[in-house]
Amino acid sequence: MHELLSIIIVPAVAGIVPIFVPRRWKVVAGVYSLAVAAWVLLRSVALYGGGDAAWAKFLFNLGGQLPFVFGLRLYHFSAFVLLFVAIFAVLSILYSIGYLWSKDKPSLYYSFMLWTISAAAGVVLADNLLILLIFWEILTALLFFLTNMGEKGHEKSAAKAFTVLGLSDAAMLLGIVLLWVTKGTLTMSGLSVSAGDPFSVAAFILLFVGAIAKAGAMPFHSWVPEMAVSTPASIMAFLPASLDKLLGIYFLARISLDIFAIRAGSGLSLMMMIVGAATIIFAVLMALVQHNLKKLLSFHAVSQVGYMVMGVGSGIPIAIVGGLFHMLNNAIYKSGLFLGAGAVEKRAGTTELDQLGGFARLMPVTFITMAIAALSISGIPPMNGFASKWLIYQGMLEGRHIVFLVVAIFGSALTLASFVKVIHSVFLGRRPERFAAVKEVDFSMQLPMIFLAILCVLFGIFAQYPLERFIIPSVSGGELVNISMGNIATVPTDGFWSPGAATALIVVGIILGLLVYAFTGRGAYRTDENVWIGGNVMDNEEIRVPGTHFYKTVTDDLGPAVKTLFADGDKGAADGYNIIGRMGNGVVQLLRAIHNGNLSTYLAWIVIGLGILAFMLIFKL
Amino acid sequence: MQGLYPLFTAIPLAAAFLNLLVTKVNKKAADYIAFVVAAVLAVMAVRMLFEAPFSYRVGGWSAPWGILLVSDGMSALMLTLINVVSLLAIVYSLSYMTAYTAKPKYYSLFLLMIAGMNGVVMTGDLFNLFVFLEIASIASYALVGFGTEHEELEASFKYLILGTVASTAILFGIAFLYSMTGTLNLPDMARQLEIVGINRAVAFVIALFIMGFGLKASTVPFHAWLPDAHPSAPAPISAMLSGVLIKALGVYTIARIMFNVIGPNGMVSSLLMFLGALSMVVGVLLALGQSDFKRMLAYSSISQIGYITMGFGLGLNPAVPPAVAALGLFGALYHLINHAAFKSCLFLCSGAFEYRTGTRNRFEMGGLMRRMPVTGAACSIASLSIAGVPPFNGFWSKLVIIMAFMQAGYYVYGSVAVLVALMTLMTFIKLQSSVLFGQLPARFAAVKEAPVAMVVPLVILAMLCIGLGIAYPLFGESVLQAARDSLLDKLAYMGYIIGG
């Protein structure tokens with residue numbers, strides 16, 4: 001079997017085994033799946049170092065006419081995405097073993113995980129749009145089943161995810177069929193379309209919808225927050241937080257830079273940047289007022305996609321590099337955050353921010369890793385999130401897109417604001433008494449979090465390395481060369497910030513702060529007193545003030561208009577899923593009312609139908 | 001096999017009456033007779049796929065006096081479909097029908113229905129076709145009302161009335177054609193019509209046939225009987241009706257007469273494409289709003305038959321390039337067998353759930369995946385198939401149909417096909433969410449997996465859904481293309497009058 005094919009086939013076949021493992025032995029299935037994922041990782045590393053490869057097999061002519069070629073192609077970009085797909089797979093499965101230990105979940109979970117790896121590899125390696133679409137839709141279906149393994153309310157969120165993604169998959173199918181009809185080929189490496197005529201523009205927009213829905217950008221985002229609470233954190237970390245981002249943005253880059261060669265300053269480029277900017281700002285505003293940790297994180301998962309879409313869509317080389325780097329960074333810190341949330345959930349039994357507090361001492365590893373990831377996502381130097389956002393800012397400046405620049409920076413500030421709330425509400429603040437006995441999670445769960453936190457720091461301080469190793473070769477060596485600003489290899493590297501000096505200063509600052517803290521002691525800053533109301537000393541446990549209350553200012557004190565806006569947003573008033581659902585229901589009810597079960601009505605339809613048929617055939621033939 | 005060809009109707013017809021006699025002595029025998037007959041027929045039908053086309057003169061009388069039976073790619077495909085699904089439905093009935101009284105009568109009616117459907121797809125004689133069509137229809141009227149409850153009898157009665165109206169229209173059309181061509185032999189009639197041409201009388205016959213056969217196939221606006229009849233029947237019969245009967249009596253007959261006897265025609269093509277698209281949209285919208293599991297499936301059958309009708313319409317279009325027309329027809333045939341696989345599977349699943357939980361209201365169910373994992377998995381696979389999720393079979397046939405319409409330049413029809421595929425997906429997401437996932441109601445906490453005889457057919461059909469999708473090279477280039485070519489080659493069909 002060809003090495004590219006084996007990376008798809010092996011996990012797919014291996015995934016059959018866990019079906020037959022009984023529920024109570026699911027740990028065995030987990031370890032087995034970890035081994036398979038590790039094999040995939042080893043192969044991906046080997047492939048990454050092995051240079052370009054391609055494999056194609058003509059399978060059959062569908063209907064005697066439509067050639068169906070199973071074409072796979074590995075080049076720098078796909079090899080790098082595949083590598084990170086494998087890394088996240090290993091981390092998620094490792095984490096799942098501990099996370100699912102006491103939960104009543106079937107071993108089938110691991111089958112779905114392995115099939116997900118297989119389908120994701122298929123998406124990344126496909127050199128034929130139809131093949132890509134097939135794996136893409138398989139991923140959607142697998143997400144449906146994985147989501148359905150969640151807690152209470154899972155069936156609604158799974159249904160919503162499948163519907164929204166199904167809509168985007170249908171759009172993609174239509175786009176691909178349009179390309180097939182107009183261009184006669186679906187081989188991605190051989191397709192080059194100038195998006196000028198209405199057909200190409202329509203095809204591009206349809207494919208774009210597919211890409212951003214998978215990545216979770218507005219207006220196709222609503223499935224991500226919906227599923228956040230009921231879905232196991234391991235799945236949130238693996239699929240919506242990392243894999244779907246990698247694949248969605250991978251596909252976006254392939255279509256906008258490679259197949260369609262969208263130029264900077266074109267209408268389509270502007271459209272993508274507007275989608276990106278809107279996603280950044282609206283999603284982060286929603287995140288700001290959330291009360292549930294997982295839901296809050298999921299809104300950030302949406303918001304961050306905006307940066308990538310904005311960067312890649314701008315068509316400006318440095319912003320493209322930034323967008324792709326952000327794709328990687330976001331996957332790292334966002335899955336780290338979800339894994340942390342899962343750890344808290346496992347120990348506390350809840351992710352409601354109002355009920356949590358003071359976990360820093362109890363779960364120090366979770367605290368530190370989540371704090372690092374939170375700094376990263378907020379774009380604080382020298383973390384990786386800053387490195388990639390910085391490139392995007394540079395690109396916006398270069399293209400004179402000042403409005404987009406302001407939105408991007410403002411979005412970043414609001415992200416910080418909402419993570420201050422997270423860190424305070426979960427880890428600092430006052431600890432409710434019932435959590436006194438909470439312990440840190442098992443090492444198998446800590447390991448992925450630690451690994452991701454280290455990556456956050458390394459990819460920030462030594463940003464040059466991943467950029468030169470992964471990102472720039474991806475966009476310059478292979479396909480993505482025909483963008484308007486010339487070959488992207490000539491990205492002005494002086495636009496990159498050099499983290500060395502800044503990092504040193506920051507480290508010095510932190511050390512100074514620690515020294516001050518060590519010498520003055522904790523007592524100098526904080527004393528605990530019981531609250532005294534009306535002559536009674538109150539129990540602090542009863543009148544805890546959760547960190548979320550501070551953020552009520554945003555919803556409650558900015559005027560009634562803002563308040564209704566947030567309330568409606570929370571209820572999903574602007575959610576296309578609900579709007580279309582309501583409209584569709586009207587039509588359905590009308591049709592149902594016509595089918596009244598009355599035989600004479602039905603006979604009348606038949607007679608009228610026959611009359612029209614006869615008229616058409618006799619007089620118009 | 002040539003000499004045995006008439007046995008496809010003779011065996012089930014004889015067994016249907018023999019069964020009633022034997023069961024006077026031994027009630028148990030009914031199960032065995034039905035099973036053996038169905039198994040023999042299924043084996044014979046599968047072997048027919050490997051036969052070269054031939055025609056058979058019943059009793060040695062040569063056409064146009066005697067009755068001609070024709071075996072070509074299309075007949076072989078339909079025979080396989082009918083008899084394989086029948087076998088699975090009968091295996092399923094072994095357990096399922098124990099809940100009903102008068103099991104022998106059930107099997108007799110079932111066998112009569114098989115005899116009728118086999119006859120319809122084999123015969124090369126128009127009046128003979130009508131007779132078999134009536135045999136199958138009347139058996140199905142009785143089977144729909146088999147539960148003899150209020151609701152079932154009402155559905156059966158409606159089905160009877162509307163079905164009879166259709167049969168009358170068909171008979172009327174046959175009489176017209178006979179008066180014009182002087183023959184009832186289909187190949188001969190095709191020849192005579194070449195001479196007569198498409199005059200106004202023939203045009204009226206076409207209208208009668210589209211209405212009559214369209215009603216049997218449940219094309220909108222002639223569909224109103226189906227949502228009552230299919231859910232009311234016992235589950236294996238629902239599977240037969242939706243999976244096979246509407247195709248053998250409606251879809252096949254339209255295809256045979258329009259392609260092989262009348263020939264490609266722009267107006268017929270436009271009408272079929274329009275009716276197909278209308279059925280697709282109306283059917284799926286109604287399916288979305290149902291709370292009854294089986295009713296949802298029934299409406300979705302209307303929608304899926306729309307795909308097939310639309311594909312046939314494109315195949316009949318003389319204005320598009322022949323290759324594109326052939327692609328549309330191919331997609332329709334592919335979807336026809338796929339629909340038989342997943343819709344039968346879904347109806348049998350609904351029966352299994354009803355058998356264990358006692359309800360068909362999907363909002364009363366929930367979380368059954370945990371209690372009935374095999375049935376649940378089969379239901380899930382079939383749902384994904386009908387929703388057009390790759391790599392299952394429904395995806396491929398819908399893709400071919402969409403592609404054919406786009407290539408032909410019918411962008412609106414192509415987009416409607418995509419949109420309806422999406423709405424079908426939504427329908428079956430709702431179905432799965434409410435039945436398989438979610439909270440298990442407390443009163444179903446002790447529900448067990450369905451009996452083996454019911455589970456085996458489900459598993460086979462679910463595997464067919466996968467196999468028809470990923471093993472395309474095994475059957476696509478032989479079976480499906482043979483069926484397509486037999487419909488497109490009108491000259492070859494006319495040649496069958498010589499007899500073999």
# chains A, B, ... in the order shown; residues from 1 in each chain; ligands from 1
call {"tool": "interface_residues", "arguments": {"of": "chain B", "to": "chain A", "cutoff": "7 Å", "atoms": "only C-alpha atoms", "output": "PyMOL selection string"}}
result
chain B and resi 158+200+203-204+207-208+211+221-222+224+267+285-286+289+327+330+389-391+403+406-407+418+422+426+429-430+433+437-438+473
call {"tool": "residues_around", "arguments": {"residues": "Ile7 of chain A", "least_positions_apart": "6", "cutoff": "8 Å", "atoms": "only C-alpha atoms", "output": "list in words"}}
result
Val40, Arg43, Ser118 and Ala121 of chain A
call {"tool": "write_last_selection", "arguments": {"atoms": "N, CA and C atoms", "output": "mmCIF file, in the first residue's frame"}}
result
data_model
loop_
_atom_site.group_PDB
_atom_site.id
_atom_site.type_symbol
_atom_site.label_atom_id
_atom_site.label_comp_id
_atom_site.auth_asym_id
_atom_site.auth_seq_id
_atom_site.Cartn_x
_atom_site.Cartn_y
_atom_site.Cartn_z
ATOM 1 N N VAL A 40 0.277 6.887 13.508
ATOM 2 C CA VAL A 40 -0.029 7.921 12.510
ATOM 3 C C VAL A 40 0.929 9.101 12.669
ATOM 4 N N ARG A 43 4.307 8.216 11.289
ATOM 5 C CA ARG A 43 4.278 8.251 9.822
ATOM 6 C C ARG A 43 4.252 9.695 9.318
ATOM 7 N N SER A 118 -8.607 9.339 10.377
ATOM 8 C CA SER A 118 -8.550 8.867 9.002
ATOM 9 C C SER A 118 -9.169 9.884 8.047
ATOM 10 N N ALA A 121 -7.055 13.027 7.741
ATOM 11 C CA ALA A 121 -5.906 12.788 6.863
ATOM 12 C C ALA A 121 -6.355 12.800 5.412
#
call {"tool": "residues_around", "arguments": {"residues": "segment 23-36 of chain A", "least_positions_apart": "5", "cutoff": "9 Å", "atoms": "only C-alpha atoms", "output": "list in words"}}
result
Val10, Pro11, Ala14, Gly15, Val17, Pro18, Leu41, Ala89, Val90, Leu91, Ile93, Leu94, Ser96, Ile97, Gly98, Leu100, Trp101, Asp104, Lys105, Pro106, Ser107, Leu108, Tyr109, Tyr110, Ser111, Met113 and Leu114 of chain A
call {"tool": "write_last_selection", "arguments": {"atoms": "N, CA and C atoms", "output": "PDB file, in the first residue's frame"}}
result
ATOM      1  N   VAL A  10      -5.182   2.822   7.464  1.00  0.00           N
ATOM      2  CA  VAL A  10      -4.870   2.116   8.721  1.00  0.00           C
ATOM      3  C   VAL A  10      -5.774   2.559   9.875  1.00  0.00           C
ATOM      4  N   PRO A  11      -5.878   3.874  10.164  1.00  0.00           N
ATOM      5  CA  PRO A  11      -6.794   4.225  11.263  1.00  0.00           C
ATOM      6  C   PRO A  11      -8.247   3.861  10.974  1.00  0.00           C
ATOM      7  N   ALA A  14      -8.354   0.160  11.667  1.00  0.00           N
ATOM      8  CA  ALA A  14      -8.096  -0.052  13.094  1.00  0.00           C
ATOM      9  C   ALA A  14      -9.285   0.402  13.932  1.00  0.00           C
ATOM     10  N   GLY A  15     -10.035   1.356  13.432  1.00  0.00           N
ATOM     11  CA  GLY A  15     -11.182   1.874  14.172  1.00  0.00           C
ATOM     12  C   GLY A  15     -12.304   0.876  14.340  1.00  0.00           C
ATOM     13  N   VAL A  17     -11.964  -2.116  15.494  1.00  0.00           N
ATOM     14  CA  VAL A  17     -11.734  -2.958  16.681  1.00  0.00           C
ATOM     15  C   VAL A  17     -12.486  -2.475  17.928  1.00  0.00           C
ATOM     16  N   PRO A  18     -12.383  -1.177  18.301  1.00  0.00           N
ATOM     17  CA  PRO A  18     -13.024  -0.773  19.565  1.00  0.00           C
ATOM     18  C   PRO A  18     -14.530  -1.030  19.627  1.00  0.00           C
ATOM     19  N   LEU A  41       1.188   9.445  13.937  1.00  0.00           N
ATOM     20  CA  LEU A  41       2.093  10.574  14.190  1.00  0.00           C
ATOM     21  C   LEU A  41       3.481  10.267  13.650  1.00  0.00           C
ATOM     22  N   ALA A  89      -4.337  14.581  17.643  1.00  0.00           N
ATOM     23  CA  ALA A  89      -5.020  13.301  17.837  1.00  0.00           C
ATOM     24  C   ALA A  89      -4.407  12.543  19.002  1.00  0.00           C
ATOM     25  N   VAL A  90      -3.089  12.487  19.018  1.00  0.00           N
ATOM     26  CA  VAL A  90      -2.424  11.767  20.111  1.00  0.00           C
ATOM     27  C   VAL A  90      -2.765  12.411  21.449  1.00  0.00           C
ATOM     28  N   LEU A  91      -2.667  13.747  21.497  1.00  0.00           N
ATOM     29  CA  LEU A  91      -2.939  14.433  22.765  1.00  0.00           C
ATOM     30  C   LEU A  91      -4.381  14.205  23.216  1.00  0.00           C
ATOM     31  N   ILE A  93      -6.463  11.771  22.471  1.00  0.00           N
ATOM     32  CA  ILE A  93      -6.761  10.396  22.889  1.00  0.00           C
ATOM     33  C   ILE A  93      -6.115  10.109  24.246  1.00  0.00           C
ATOM     34  N   LEU A  94      -4.892  10.597  24.409  1.00  0.00           N
ATOM     35  CA  LEU A  94      -4.226  10.413  25.703  1.00  0.00           C
ATOM     36  C   LEU A  94      -5.072  11.029  26.813  1.00  0.00           C
ATOM     37  N   SER A  96      -8.256  11.655  26.709  1.00  0.00           N
ATOM     38  CA  SER A  96      -9.556  10.986  26.831  1.00  0.00           C
ATOM     39  C   SER A  96      -9.506   9.792  27.774  1.00  0.00           C
ATOM     40  N   ILE A  97      -8.367   9.096  27.780  1.00  0.00           N
ATOM     41  CA  ILE A  97      -8.297   7.878  28.598  1.00  0.00           C
ATOM     42  C   ILE A  97      -8.597   8.206  30.056  1.00  0.00           C
ATOM     43  N   GLY A  98      -7.964   9.275  30.559  1.00  0.00           N
ATOM     44  CA  GLY A  98      -8.223   9.661  31.937  1.00  0.00           C
ATOM     45  C   GLY A  98      -9.572  10.336  32.093  1.00  0.00           C
ATOM     46  N   LEU A 100     -12.351  10.004  30.437  1.00  0.00           N
ATOM     47  CA  LEU A 100     -13.549   9.162  30.336  1.00  0.00           C
ATOM     48  C   LEU A 100     -13.561   8.040  31.359  1.00  0.00           C
ATOM     49  N   TRP A 101     -12.508   7.977  32.183  1.00  0.00           N
ATOM     50  CA  TRP A 101     -12.330   6.856  33.096  1.00  0.00           C
ATOM     51  C   TRP A 101     -13.609   6.496  33.832  1.00  0.00           C
ATOM     52  N   ASP A 104     -19.679   7.013  31.829  1.00  0.00           N
ATOM     53  CA  ASP A 104     -20.341   5.875  31.209  1.00  0.00           C
ATOM     54  C   ASP A 104     -20.400   6.091  29.693  1.00  0.00           C
ATOM     55  N   LYS A 105     -19.272   5.864  29.049  1.00  0.00           N
ATOM     56  CA  LYS A 105     -19.236   6.048  27.589  1.00  0.00           C
ATOM     57  C   LYS A 105     -18.793   4.733  26.950  1.00  0.00           C
ATOM     58  N   PRO A 106     -19.323   4.442  25.757  1.00  0.00           N
ATOM     59  CA  PRO A 106     -18.928   3.192  25.106  1.00  0.00           C
ATOM     60  C   PRO A 106     -17.537   3.295  24.479  1.00  0.00           C
ATOM     61  N   SER A 107     -16.935   2.130  24.243  1.00  0.00           N
ATOM     62  CA  SER A 107     -15.628   2.088  23.585  1.00  0.00           C
ATOM     63  C   SER A 107     -15.699   2.646  22.177  1.00  0.00           C
ATOM     64  N   LEU A 108     -16.923   2.670  21.632  1.00  0.00           N
ATOM     65  CA  LEU A 108     -17.151   3.193  20.285  1.00  0.00           C
ATOM     66  C   LEU A 108     -16.570   4.599  20.127  1.00  0.00           C
ATOM     67  N   TYR A 109     -16.488   5.307  21.245  1.00  0.00           N
ATOM     68  CA  TYR A 109     -15.883   6.642  21.245  1.00  0.00           C
ATOM     69  C   TYR A 109     -14.549   6.619  20.529  1.00  0.00           C
ATOM     70  N   TYR A 110     -13.746   5.604  20.841  1.00  0.00           N
ATOM     71  CA  TYR A 110     -12.402   5.551  20.254  1.00  0.00           C
ATOM     72  C   TYR A 110     -12.455   5.182  18.780  1.00  0.00           C
ATOM     73  N   SER A 111     -13.461   4.392  18.395  1.00  0.00           N
ATOM     74  CA  SER A 111     -13.637   4.120  16.968  1.00  0.00           C
ATOM     75  C   SER A 111     -13.849   5.424  16.222  1.00  0.00           C
ATOM     76  N   MET A 113     -13.006   8.378  17.136  1.00  0.00           N
ATOM     77  CA  MET A 113     -11.779   9.181  17.153  1.00  0.00           C
ATOM     78  C   MET A 113     -10.846   8.723  16.029  1.00  0.00           C
ATOM     79  N   LEU A 114     -10.675   7.413  15.911  1.00  0.00           N
ATOM     80  CA  LEU A 114      -9.749   6.899  14.891  1.00  0.00           C
ATOM     81  C   LEU A 114     -10.272   7.208  13.496  1.00  0.00           C
TER      82      LEU A 114
END
call {"tool": "residues_around", "arguments": {"residues": "Met122 of chain B", "least_positions_apart": "4", "cutoff": "7 Å", "atoms": "only C-alpha atoms", "output": "number ranges by chain"}}
result
B: 69-71, 75, 118
call {"tool": "residues_around", "arguments": {"residues": "Thr101 of chain B", "least_positions_apart": "6", "cutoff": "12 Å", "atoms": "only C-alpha atoms", "output": "list in words"}}
result
Lys27, Tyr107, Phe146, Gly147 and Thr148 of chain B
call {"tool": "closest_residue", "arguments": {"among": "A:Met363, A:Ala371, A:Leu179, A:Ala502", "to": "Ala437 of chain A", "atoms": "only C-alpha atoms"}}
result
A:Met363
call {"tool": "closest_residue", "arguments": {"among": "B:Met78, B:Leu4, B:Val91, B:Cys465", "to": "Tyr252 of chain B", "atoms": "only C-alpha atoms"}}
result
B:Met78
call {"tool": "atom_distance", "arguments": {"atom1": "atom CA of Gly576 of chain A", "atom2": "atom CA of Met218 of chain A"}}
result
10.2 Å
call {"tool": "atom_distance", "arguments": {"atom1": "atom CA of Gly411 of chain A", "atom2": "atom CA of Ser303 of chain A"}}
result
8.2 Å
call {"tool": "residues_around", "arguments": {"residues": "His291 of chain A", "least_positions_apart": "6", "cutoff": "9 Å", "atoms": "only C-alpha atoms", "output": "PyMOL selection string"}}
result
chain A and resi 351-354+548
call {"tool": "atom_distance", "arguments": {"atom1": "atom CA of Trp115 of chain A", "atom2": "atom CA of Ile381 of chain B"}}
result
15.2 Å
call {"tool": "residues_around", "arguments": {"residues": "Tyr141 of chain B", "least_positions_apart": "3", "cutoff": "6 Å", "atoms": "only C-alpha atoms", "output": "PyMOL selection string"}}
result
chain B and resi 138+144+156+160
call {"tool": "select_by_dssp", "arguments": {"residues": "segment 214-360 of chain B", "states": "helix (DSSP H, G or I)", "output": "count of residues only"}}
result
120
call {"tool": "closest_residue", "arguments": {"among": "A:Pro499, A:Gly184, A:Gly313, A:Gly306", "to": "Phe208 of chain A", "atoms": "only C-alpha atoms"}}
result
A:Gly313
